[in-house]
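J.: Pasting my_file.tsv below, which is TSV, C-alpha atoms.
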```tsv
chain	number	residue	atom	x	y	z
E	1	MET	CA	7.35	-51.16	-11.73
E	2	ASN	CA	5.80	-53.06	-14.64
E	3	PRO	CA	3.64	-50.81	-16.83
E	4	VAL	CA	0.13	-51.96	-17.64
E	5	HIS	CA	-0.51	-52.37	-21.37
E	6	PHE	CA	-3.77	-51.39	-23.02
E	7	GLN	CA	-5.11	-51.39	-26.55
E	8	PRO	CA	-3.56	-48.31	-28.15
E	9	ALA	CA	-5.86	-45.58	-29.31
E	10	PRO	CA	-5.29	-43.87	-32.65
E	11	PRO	CA	-2.32	-41.53	-32.19
E	12	PRO	CA	-3.23	-37.84	-32.03
E	13	PRO	CA	-1.95	-35.63	-34.83
E	14	TRP	CA	1.33	-33.86	-34.11
E	15	PHE	CA	3.03	-30.95	-35.82
E	16	PRO	CA	4.24	-31.78	-39.33
E	17	MET	CA	7.84	-31.38	-40.40
E	18	LEU	CA	8.21	-27.83	-41.68
E	19	PRO	CA	10.68	-26.72	-44.34
E	20	PRO	CA	13.27	-24.10	-43.43
E	21	GLU	CA	12.09	-20.51	-43.58
E	22	PRO	CA	13.16	-18.84	-46.84
E	23	PRO	CA	15.03	-15.53	-46.74
E	24	ASN	CA	12.77	-12.82	-45.40
E	25	SER	CA	11.67	-9.62	-47.03
E	26	SER	CA	11.66	-6.34	-45.17
E	27	THR	CA	7.98	-6.85	-44.34
E	28	PHE	CA	9.00	-9.66	-41.99
E	29	TRP	CA	10.55	-7.13	-39.63
E	30	GLU	CA	7.42	-5.07	-39.27
E	31	THR	CA	6.54	-4.72	-35.61
E	32	ARG	CA	3.22	-6.57	-35.76
E	33	ASN	CA	4.66	-9.48	-37.77
E	34	VAL	CA	7.65	-9.88	-35.43
E	35	ARG	CA	5.32	-9.80	-32.43
E	36	ASP	CA	3.12	-12.52	-33.97
E	37	ARG	CA	6.16	-14.68	-34.81
E	38	LEU	CA	7.51	-14.36	-31.28
E	39	ARG	CA	4.12	-15.29	-29.85
E	40	GLU	CA	4.01	-18.41	-32.06
E	41	LEU	CA	7.56	-19.25	-30.98
E	42	GLN	CA	6.55	-18.95	-27.31
E	43	ASP	CA	3.58	-21.29	-27.88
E	44	THR	CA	5.88	-23.85	-29.49
E	45	LEU	CA	8.32	-23.59	-26.58
E	46	ASN	CA	5.49	-24.18	-24.12
E	47	LEU	CA	4.47	-27.33	-26.01
E	48	ALA	CA	8.09	-28.47	-26.13
E	49	ASN	CA	8.35	-28.07	-22.35
E	50	ALA	CA	5.21	-30.16	-21.90
E	51	VAL	CA	6.59	-32.92	-24.15
E	52	GLN	CA	9.89	-32.80	-22.27
E	53	LYS	CA	8.02	-33.41	-19.01
E	54	GLU	CA	6.24	-36.38	-20.62
E	55	LEU	CA	9.58	-37.87	-21.66
E	56	GLU	CA	10.97	-37.33	-18.17
E	57	ILE	CA	7.97	-39.12	-16.63
E	58	LEU	CA	8.37	-41.99	-19.10
E	59	THR	CA	12.00	-42.31	-18.03
E	60	MET	CA	10.93	-42.30	-14.37
E	61	ILE	CA	8.44	-45.11	-15.13
E	62	LYS	CA	11.19	-47.21	-16.69
E	63	ASP	CA	13.39	-46.56	-13.63
E	64	GLY	CA	10.60	-47.79	-11.33
E	65	SER	CA	10.02	-44.42	-9.68
E	66	MET	CA	7.09	-44.12	-7.25
E	67	ASP	CA	6.72	-40.38	-7.71
E	68	PRO	CA	3.07	-39.16	-7.55
E	69	SER	CA	3.40	-37.72	-11.04
E	70	VAL	CA	4.11	-41.24	-12.34
E	71	SER	CA	0.88	-42.58	-10.85
E	72	GLU	CA	-1.11	-39.70	-12.29
E	73	PHE	CA	0.41	-40.23	-15.74
E	74	LEU	CA	-0.30	-43.98	-15.69
E	75	LYS	CA	-3.88	-43.23	-14.66
E	76	TYR	CA	-4.11	-40.80	-17.59
E	77	LEU	CA	-2.91	-43.51	-20.02
E	78	GLU	CA	-5.26	-46.09	-18.51
E	79	ASP	CA	-8.29	-43.81	-18.88
E	80	ARG	CA	-7.45	-43.30	-22.56
E	81	ARG	CA	-6.52	-46.94	-23.18
E	82	ILE	CA	-3.01	-46.07	-24.39
E	83	ASP	CA	-0.17	-48.46	-23.62
E	84	LEU	CA	3.21	-47.24	-22.46
E	85	GLU	CA	5.13	-48.10	-25.64
E	86	THR	CA	2.62	-46.28	-27.83
E	87	GLN	CA	2.76	-43.21	-25.61
E	88	GLU	CA	6.55	-43.25	-25.67
E	89	LEU	CA	6.52	-43.43	-29.47
E	90	LEU	CA	4.01	-40.57	-29.68
E	91	SER	CA	6.04	-38.43	-27.27
E	92	VAL	CA	9.27	-38.98	-29.22
E	93	GLU	CA	7.53	-38.16	-32.51
E	94	ALA	CA	6.03	-35.06	-30.96
E	95	ALA	CA	9.43	-33.98	-29.64
E	96	ASN	CA	11.02	-34.42	-33.08
E	97	ALA	CA	8.20	-32.51	-34.76
E	98	LEU	CA	8.47	-29.68	-32.23
E	99	MET	CA	12.24	-29.46	-32.71
E	100	SER	CA	11.73	-29.18	-36.46
E	101	LYS	CA	9.11	-26.52	-35.94
E	102	LEU	CA	11.37	-24.61	-33.55
E	103	ARG	CA	14.21	-24.68	-36.08
E	104	ALA	CA	11.85	-23.40	-38.77
E	105	GLN	CA	10.55	-20.64	-36.50
E	106	LEU	CA	14.05	-19.61	-35.43
E	107	GLU	CA	15.41	-19.66	-38.97
E	108	PRO	CA	14.22	-16.13	-39.93
E	109	PHE	CA	15.95	-14.63	-36.90
E	110	ARG	CA	19.23	-16.36	-37.83
E	111	TYR	CA	19.66	-13.91	-40.68
E	112	VAL	CA	20.25	-11.12	-38.21
E	113	ALA	CA	23.69	-12.49	-37.30
E	114	ASP	CA	24.51	-13.98	-40.71
E	115	GLU	CA	27.32	-12.18	-42.54
E	116	GLY	CA	25.77	-13.08	-45.87
E	117	ILE	CA	22.46	-11.42	-45.16
E	118	PRO	CA	21.51	-8.72	-47.70
E	119	TRP	CA	21.83	-5.15	-46.51
E	120	GLU	CA	18.09	-4.70	-47.04
E	121	GLU	CA	17.43	-7.28	-44.32
E	122	LYS	CA	19.94	-5.69	-41.96
E	123	SER	CA	18.42	-2.31	-42.70
E	124	ALA	CA	14.96	-3.64	-41.86
E	125	VAL	CA	16.27	-5.08	-38.60
E	126	ALA	CA	18.03	-1.82	-37.82
E	127	ARG	CA	14.82	0.11	-38.48
E	128	LEU	CA	12.90	-2.24	-36.21
E	129	THR	CA	15.57	-1.91	-33.52
E	130	ASN	CA	15.53	1.87	-33.82
E	131	LYS	CA	11.75	1.84	-33.68
E	132	ILE	CA	11.81	-0.27	-30.51
E	133	LYS	CA	14.45	1.98	-28.93
E	134	LYS	CA	12.48	5.06	-29.93
E	135	SER	CA	9.34	3.55	-28.44
E	136	LYS	CA	11.21	2.83	-25.20
E	137	ARG	CA	12.61	6.37	-25.16
E	138	ASN	CA	9.15	7.81	-25.77
E	139	ASN	CA	7.67	5.64	-23.02
E	140	LEU	CA	10.45	6.71	-20.65
E	141	TRP	CA	9.96	10.35	-21.62
E	142	ARG	CA	6.20	10.09	-21.08
E	143	LYS	CA	6.80	8.38	-17.75
E	144	ARG	CA	9.17	11.14	-16.65
E	145	LYS	CA	6.76	13.78	-17.92
E	146	ARG	CA	3.89	12.21	-15.97
E	147	LYS	CA	6.15	12.11	-12.92
E	148	ARG	CA	7.07	15.79	-13.33
E	149	ILE	CA	3.43	16.75	-13.82
E	150	ALA	CA	2.47	14.74	-10.73
E	151	GLU	CA	5.23	16.45	-8.74
E	152	LEU	CA	4.12	19.88	-9.98
E	153	LEU	CA	0.50	19.11	-9.14
E	154	ALA	CA	1.52	17.85	-5.71
E	155	LYS	CA	3.61	20.99	-5.16
E	156	GLU	CA	0.74	23.16	-6.38
E	157	HIS	CA	-1.69	21.38	-4.05
E	158	GLU	CA	0.79	21.82	-1.21
E	159	GLN	CA	1.04	25.54	-1.99
E	160	PHE	CA	-2.76	25.80	-2.07
E	161	ASP	CA	-2.96	23.98	1.25
E	162	GLN	CA	-0.30	26.28	2.70
E	163	ALA	CA	-2.19	29.33	1.43
E	164	ASP	CA	-5.41	27.96	2.94
E	165	ARG	CA	-3.67	27.37	6.27
E	166	GLU	CA	-2.20	30.87	6.25
E	167	ALA	CA	-5.61	32.33	5.36
E	168	ASP	CA	-7.23	30.35	8.18
E	169	GLU	CA	-4.56	31.53	10.62
E	170	TRP	CA	-5.02	35.14	9.46
E	171	ARG	CA	-8.79	34.88	9.87
E	172	ALA	CA	-8.31	33.37	13.33
E	173	ARG	CA	-5.98	36.22	14.32
E	174	GLU	CA	-8.38	38.82	12.95
E	175	ILE	CA	-11.30	37.23	14.76
E	176	ALA	CA	-9.27	37.15	17.98
E	177	LYS	CA	-8.33	40.81	17.50
E	178	ASP	CA	-11.96	41.73	16.86
E	179	ILE	CA	-13.10	39.85	19.95
E	180	ALA	CA	-10.38	41.49	22.04
E	181	SER	CA	-11.26	44.92	20.63
E	182	ARG	CA	-14.94	44.41	21.38
E	183	LYS	CA	-14.07	43.25	24.88
E	184	VAL	CA	-11.94	46.34	25.47
E	185	GLU	CA	-14.69	48.61	24.17
E	186	LYS	CA	-17.21	46.88	26.39
E	187	MET	CA	-14.92	47.24	29.38
E	188	LYS	CA	-14.52	50.94	28.58
E	189	GLU	CA	-18.28	51.35	28.40
E	190	ILE	CA	-18.66	49.53	31.69
E	191	ALA	CA	-15.96	51.74	33.22
E	192	LYS	CA	-17.73	54.86	31.92
E	193	LEU	CA	-21.03	53.68	33.36
E	194	LYS	CA	-19.39	52.94	36.70
E	195	ALA	CA	-17.69	56.33	36.69
E	196	LYS	CA	-20.96	58.02	35.88
E	197	GLU	CA	-22.76	56.13	38.61
E	198	GLU	CA	-19.96	56.93	41.05
E	199	LYS	CA	-20.19	60.61	40.10
E	200	LYS	CA	-23.94	60.60	40.67
E	201	ARG	CA	-23.44	58.91	44.04
E	202	LEU	CA	-20.83	61.44	45.09
E	203	GLU	CA	-23.02	64.31	43.92
E	204	SER	CA	-25.93	62.90	45.91
E	205	GLU	CA	-23.76	62.52	48.99
E	206	LEU	CA	-22.43	66.04	48.52
E	207	GLU	CA	-25.94	67.44	48.23
E	208	LEU	CA	-26.90	65.55	51.38
E	209	VAL	CA	-23.90	66.95	53.24
E	210	LEU	CA	-24.72	70.47	52.10
E	211	MET	CA	-28.32	69.99	53.12
E	212	VAL	CA	-27.28	68.79	56.57
E	213	GLU	CA	-24.92	71.71	56.95
E	214	LYS	CA	-27.69	74.09	55.87
E	215	LEU	CA	-30.08	72.58	58.38
E	216	GLN	CA	-27.49	72.85	61.12
E	217	GLU	CA	-26.89	76.46	60.20
E	218	LEU	CA	-30.61	77.22	60.32
E	219	ARG	CA	-30.89	75.46	63.66
E	220	SER	CA	-28.05	77.49	65.08
E	221	MET	CA	-29.62	80.68	63.85
E	222	ARG	CA	-32.95	79.74	65.41
E	223	ILE	CA	-31.33	78.88	68.71
E	224	GLN	CA	-29.58	82.23	68.81
E	225	LYS	CA	-32.81	84.01	67.96
E	226	LEU	CA	-34.60	82.24	70.77
E	227	LYS	CA	-31.87	83.19	73.19
E	228	LYS	CA	-32.24	86.87	72.32
E	229	GLN	CA	-35.91	86.75	73.00
```
Please rewrite the model in this file as C-alpha coordinates.

T.:
Amino acid sequence: MNPVHFQPAPPPPWFPMLPPEPPNSSTFWETRNVRDRLRELQDTLNLANAVQKELEILTMIKDGSMDPSVSEFLKYLEDRRIDLETQELLSVEAANALMSKLRAQLEPFRYVADEGIPWEEKSAVARLTNKIKKSKRNNLWRKRKRKRIAELLAKEHEQFDQADREADEWRAREIAKDIASRKVEKMKEIAKLKAKEEKKRLESELELVLMVEKLQELRSMRIQKLKKQ
(Lines of atoms letter the chains of each structure in order from A and count residues from 1; the text may use other names and numbers.)
(Lines give C-alpha, C1' and ligand atoms only; values in the text may rest on other atoms or scores of the structure.)
Protein backbone atom coordinates (compact mmCIF):
# COMPACT_ATOMS: atom_id res chain seq x y z
CA MET A 1 0.00 0.00 0.00
CA ASN A 2 1.52 3.33 -1.07
CA PRO A 3 1.05 6.03 1.58
CA VAL A 4 -0.40 9.35 0.50
CA HIS A 5 1.92 12.30 1.15
CA PHE A 6 0.67 15.66 2.35
CA GLN A 7 2.27 18.95 3.29
CA PRO A 8 3.62 18.38 6.79
CA ALA A 9 2.22 20.44 9.59
CA PRO A 10 4.51 21.93 12.23
CA PRO A 11 5.55 19.07 14.52
CA PRO A 12 3.88 19.11 17.93
CA PRO A 13 6.13 19.64 20.94
CA TRP A 14 7.32 16.45 22.63
CA PHE A 15 8.90 15.86 26.01
CA PRO A 16 12.39 17.35 26.32
CA MET A 17 15.42 15.30 27.23
CA LEU A 18 15.65 15.33 31.02
CA PRO A 19 18.88 15.04 33.01
CA PRO A 20 19.27 12.12 35.41
CA GLU A 21 17.66 12.57 38.81
CA PRO A 22 20.24 13.64 41.41
CA PRO A 23 20.56 11.69 44.67
CA ASN A 24 17.41 12.12 46.73
CA SER A 25 17.01 13.52 50.18
CA SER A 26 14.85 11.84 52.78
CA THR A 27 11.97 14.13 51.81
CA PHE A 28 11.71 12.27 48.51
CA TRP A 29 10.42 9.21 50.34
CA GLU A 30 7.56 11.01 52.00
CA THR A 31 4.31 9.25 51.22
CA ARG A 32 2.70 12.10 49.29
CA ASN A 33 5.82 12.75 47.18
CA VAL A 34 6.25 9.06 46.32
CA ARG A 35 2.57 8.85 45.37
CA ASP A 36 2.91 11.89 43.08
CA ARG A 37 6.06 10.48 41.46
CA LEU A 38 4.38 7.14 40.82
CA ARG A 39 1.37 8.88 39.30
CA GLU A 40 3.66 10.85 36.96
CA LEU A 41 5.46 7.62 36.07
CA GLN A 42 2.14 5.96 35.23
CA ASP A 43 1.18 8.89 32.97
CA THR A 44 4.50 8.59 31.14
CA LEU A 45 3.99 4.84 30.70
CA ASN A 46 0.54 5.46 29.24
CA LEU A 47 2.01 7.90 26.71
CA ALA A 48 4.78 5.43 25.90
CA ASN A 49 2.19 2.74 25.20
CA ALA A 50 0.33 5.10 22.87
CA VAL A 51 3.54 5.94 20.97
CA GLN A 52 4.36 2.23 20.75
CA LYS A 53 0.99 1.61 19.10
CA GLU A 54 1.72 4.42 16.63
CA LEU A 55 5.05 2.81 15.71
CA GLU A 56 3.36 -0.57 15.31
CA ILE A 57 0.76 0.94 12.96
CA LEU A 58 3.50 2.67 10.96
CA THR A 59 5.23 -0.70 10.58
CA MET A 60 1.94 -2.26 9.46
CA ILE A 61 1.56 0.50 6.84
CA LYS A 62 5.01 -0.24 5.45
CA ASP A 63 4.14 -3.95 5.33
CA GLY A 64 0.99 -3.18 3.31
CA SER A 65 -1.43 -4.31 6.02
CA MET A 66 -5.15 -3.73 5.40
CA ASP A 67 -6.04 -3.71 9.09
CA PRO A 68 -8.88 -1.26 9.97
CA SER A 69 -6.57 0.54 12.39
CA VAL A 70 -4.27 1.36 9.44
CA SER A 71 -7.11 3.02 7.53
CA GLU A 72 -8.15 5.01 10.57
CA PHE A 73 -4.58 6.18 11.16
CA LEU A 74 -4.12 7.23 7.52
CA LYS A 75 -7.41 9.14 7.71
CA TYR A 76 -6.12 10.85 10.86
CA LEU A 77 -2.92 11.92 9.06
CA GLU A 78 -4.86 13.08 6.01
CA ASP A 79 -7.19 15.25 8.10
CA ARG A 80 -4.18 16.93 9.71
CA ARG A 81 -2.19 17.17 6.47
CA ILE A 82 0.76 15.21 7.87
CA ASP A 83 2.71 12.93 5.55
CA LEU A 84 3.81 9.48 6.59
CA GLU A 85 7.55 10.22 6.82
CA THR A 86 6.96 13.25 9.03
CA GLN A 87 4.70 11.26 11.33
CA GLU A 88 7.26 8.47 11.55
CA LEU A 89 9.96 10.98 12.48
CA LEU A 90 7.71 12.57 15.10
CA SER A 91 6.80 9.17 16.58
CA VAL A 92 10.45 8.11 16.82
CA GLU A 93 11.41 11.41 18.46
CA ALA A 94 8.52 11.07 20.87
CA ALA A 95 9.56 7.52 21.74
CA ASN A 96 13.15 8.62 22.41
CA ALA A 97 11.98 11.53 24.55
CA LEU A 98 9.64 9.29 26.53
CA MET A 99 12.41 6.74 27.12
CA SER A 100 14.65 9.51 28.44
CA LYS A 101 11.86 10.75 30.67
CA LEU A 102 11.18 7.23 31.94
CA ARG A 103 14.86 6.75 32.79
CA ALA A 104 14.87 10.06 34.64
CA GLN A 105 11.69 9.17 36.53
CA LEU A 106 12.98 5.70 37.43
CA GLU A 107 16.40 6.99 38.50
CA PRO A 108 15.37 7.98 42.07
CA PHE A 109 14.00 4.50 42.73
CA ARG A 110 17.26 2.90 41.56
CA TYR A 111 18.92 4.07 44.75
CA VAL A 112 16.85 1.62 46.74
CA ALA A 113 18.84 -1.34 45.38
CA ASP A 114 22.16 0.47 45.00
CA GLU A 115 24.85 -0.71 47.43
CA GLY A 116 26.41 2.74 47.44
CA ILE A 117 23.28 4.51 48.61
CA PRO A 118 23.75 6.47 51.86
CA TRP A 119 22.21 4.94 54.94
CA GLU A 120 19.99 8.00 55.29
CA GLU A 121 18.31 7.12 52.00
CA LYS A 122 17.88 3.48 52.99
CA SER A 123 16.54 4.60 56.34
CA ALA A 124 14.00 6.84 54.61
CA VAL A 125 12.94 3.97 52.36
CA ALA A 126 12.71 1.66 55.37
CA ARG A 127 10.55 4.20 57.20
CA LEU A 128 8.30 4.52 54.17
CA THR A 129 8.08 0.72 53.87
CA ASN A 130 7.29 0.39 57.56
CA LYS A 131 4.70 3.14 57.26
CA ILE A 132 3.04 1.36 54.33
CA LYS A 133 3.09 -1.97 56.18
CA LYS A 134 1.71 -0.31 59.29
CA SER A 135 -1.03 1.30 57.22
CA LYS A 136 -1.89 -2.09 55.71
CA ARG A 137 -1.91 -3.69 59.17
CA ASN A 138 -4.14 -0.92 60.49
CA ASN A 139 -6.49 -1.27 57.54
CA LEU A 140 -6.60 -5.04 58.04
CA TRP A 141 -7.18 -4.58 61.78
CA ARG A 142 -9.98 -2.08 61.13
CA LYS A 143 -11.49 -4.43 58.57
CA ARG A 144 -11.41 -7.33 61.03
CA LYS A 145 -12.79 -5.09 63.77
CA ARG A 146 -15.65 -3.97 61.52
CA LYS A 147 -16.29 -7.62 60.69
CA ARG A 148 -16.34 -8.59 64.38
CA ILE A 149 -18.65 -5.69 65.20
CA ALA A 150 -20.93 -6.67 62.33
CA GLU A 151 -20.96 -10.28 63.56
CA LEU A 152 -21.70 -9.15 67.13
CA LEU A 153 -24.49 -6.88 65.92
CA ALA A 154 -25.91 -9.67 63.78
CA LYS A 155 -25.73 -12.05 66.75
CA GLU A 156 -27.32 -9.44 69.00
CA HIS A 157 -30.11 -8.87 66.47
CA GLU A 158 -30.59 -12.63 66.22
CA GLN A 159 -30.84 -12.85 70.02
CA PHE A 160 -33.35 -10.00 70.05
CA ASP A 161 -35.36 -11.73 67.33
CA GLN A 162 -35.21 -15.00 69.28
CA ALA A 163 -36.36 -13.20 72.43
CA ASP A 164 -39.19 -11.58 70.48
CA ARG A 165 -40.24 -14.95 69.06
CA GLU A 166 -40.16 -16.55 72.51
CA ALA A 167 -42.16 -13.63 73.94
CA ASP A 168 -44.70 -13.96 71.13
CA GLU A 169 -44.96 -17.70 71.72
CA TRP A 170 -45.38 -17.15 75.48
CA ARG A 171 -48.10 -14.55 74.87
CA ALA A 172 -49.83 -16.92 72.46
CA ARG A 173 -49.73 -19.73 75.04
CA GLU A 174 -51.01 -17.43 77.77
CA ILE A 175 -53.81 -16.18 75.53
CA ALA A 176 -54.71 -19.78 74.66
CA LYS A 177 -54.70 -20.70 78.35
CA ASP A 178 -56.88 -17.71 79.18
CA ILE A 179 -59.33 -18.58 76.41
CA ALA A 180 -59.43 -22.21 77.55
CA SER A 181 -59.90 -21.14 81.17
CA ARG A 182 -62.73 -18.81 80.24
CA LYS A 183 -64.33 -21.55 78.17
CA VAL A 184 -64.13 -23.98 81.09
CA GLU A 185 -65.62 -21.40 83.46
CA LYS A 186 -68.40 -20.71 81.00
CA MET A 187 -69.09 -24.41 80.63
CA LYS A 188 -69.21 -24.73 84.42
CA GLU A 189 -71.67 -21.87 84.62
CA ILE A 190 -73.78 -23.45 81.90
CA ALA A 191 -73.64 -26.78 83.74
CA LYS A 192 -74.70 -25.07 86.98
CA LEU A 193 -77.59 -23.37 85.22
CA LYS A 194 -78.67 -26.64 83.66
CA ALA A 195 -78.42 -28.41 87.01
CA LYS A 196 -80.44 -25.68 88.65
CA GLU A 197 -83.07 -25.83 85.93
CA GLU A 198 -83.14 -29.61 86.17
CA LYS A 199 -83.58 -29.38 89.94
CA LYS A 200 -86.45 -26.94 89.53
CA ARG A 201 -88.06 -29.24 86.97
CA LEU A 202 -87.73 -32.24 89.25
CA GLU A 203 -89.09 -30.27 92.19
CA SER A 204 -92.06 -29.18 90.08
CA GLU A 205 -92.69 -32.74 88.96
CA LEU A 206 -92.39 -33.95 92.55
CA GLU A 207 -94.87 -31.34 93.74
CA LEU A 208 -97.23 -32.38 90.97
CA VAL A 209 -96.92 -36.04 91.95
CA LEU A 210 -97.57 -35.20 95.59
CA MET A 211 -100.55 -33.10 94.61
CA VAL A 212 -101.97 -35.94 92.53
CA GLU A 213 -101.44 -38.38 95.36
CA LYS A 214 -103.12 -35.96 97.76
CA LEU A 215 -106.09 -35.57 95.44
CA GLN A 216 -106.37 -39.32 95.07
CA GLU A 217 -106.26 -39.71 98.82
CA LEU A 218 -109.00 -37.11 99.28
CA ARG A 219 -111.08 -38.80 96.61
CA SER A 220 -110.73 -42.15 98.31
CA MET A 221 -111.73 -40.64 101.62
CA ARG A 222 -114.78 -39.02 100.05
CA ILE A 223 -115.82 -42.25 98.38
CA GLN A 224 -115.60 -44.12 101.66
CA LYS A 225 -117.59 -41.41 103.40
CA LEU A 226 -120.29 -41.63 100.79
CA LYS A 227 -120.44 -45.38 101.17
CA LYS A 228 -121.02 -45.08 104.91
CA GLN A 229 -123.90 -42.76 104.36

J.: Quick one, how far is CA of Leu41 (chain E) from CA of Leu102 (chain E)?

T.: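 Straight-line distance from CA of Leu41 (chain E) to CA of Leu102 (chain E) works out to 7.1 Å.
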
J.: Could you tell me how far CA of Ile57 (chain E) lies from CA of Leu77 (chain E), in Å and to one decimal?

T.: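 Interatomic distance here is 12.2 Å.
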
J.: Find the distance between CA of Ala48 (chain E) and CA of Pro68 (chain E) and write it in Å to one decimal.

T.: 22.0 Å

J.: Using all atoms listed in the file, which residue out of E:Val209, E:Arg173, E:Lys192, E:Leu45 lies closest to Met99 (chain E)?

T.: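 Answer, going by the shortest atom-to-atom distance: E:Leu45.
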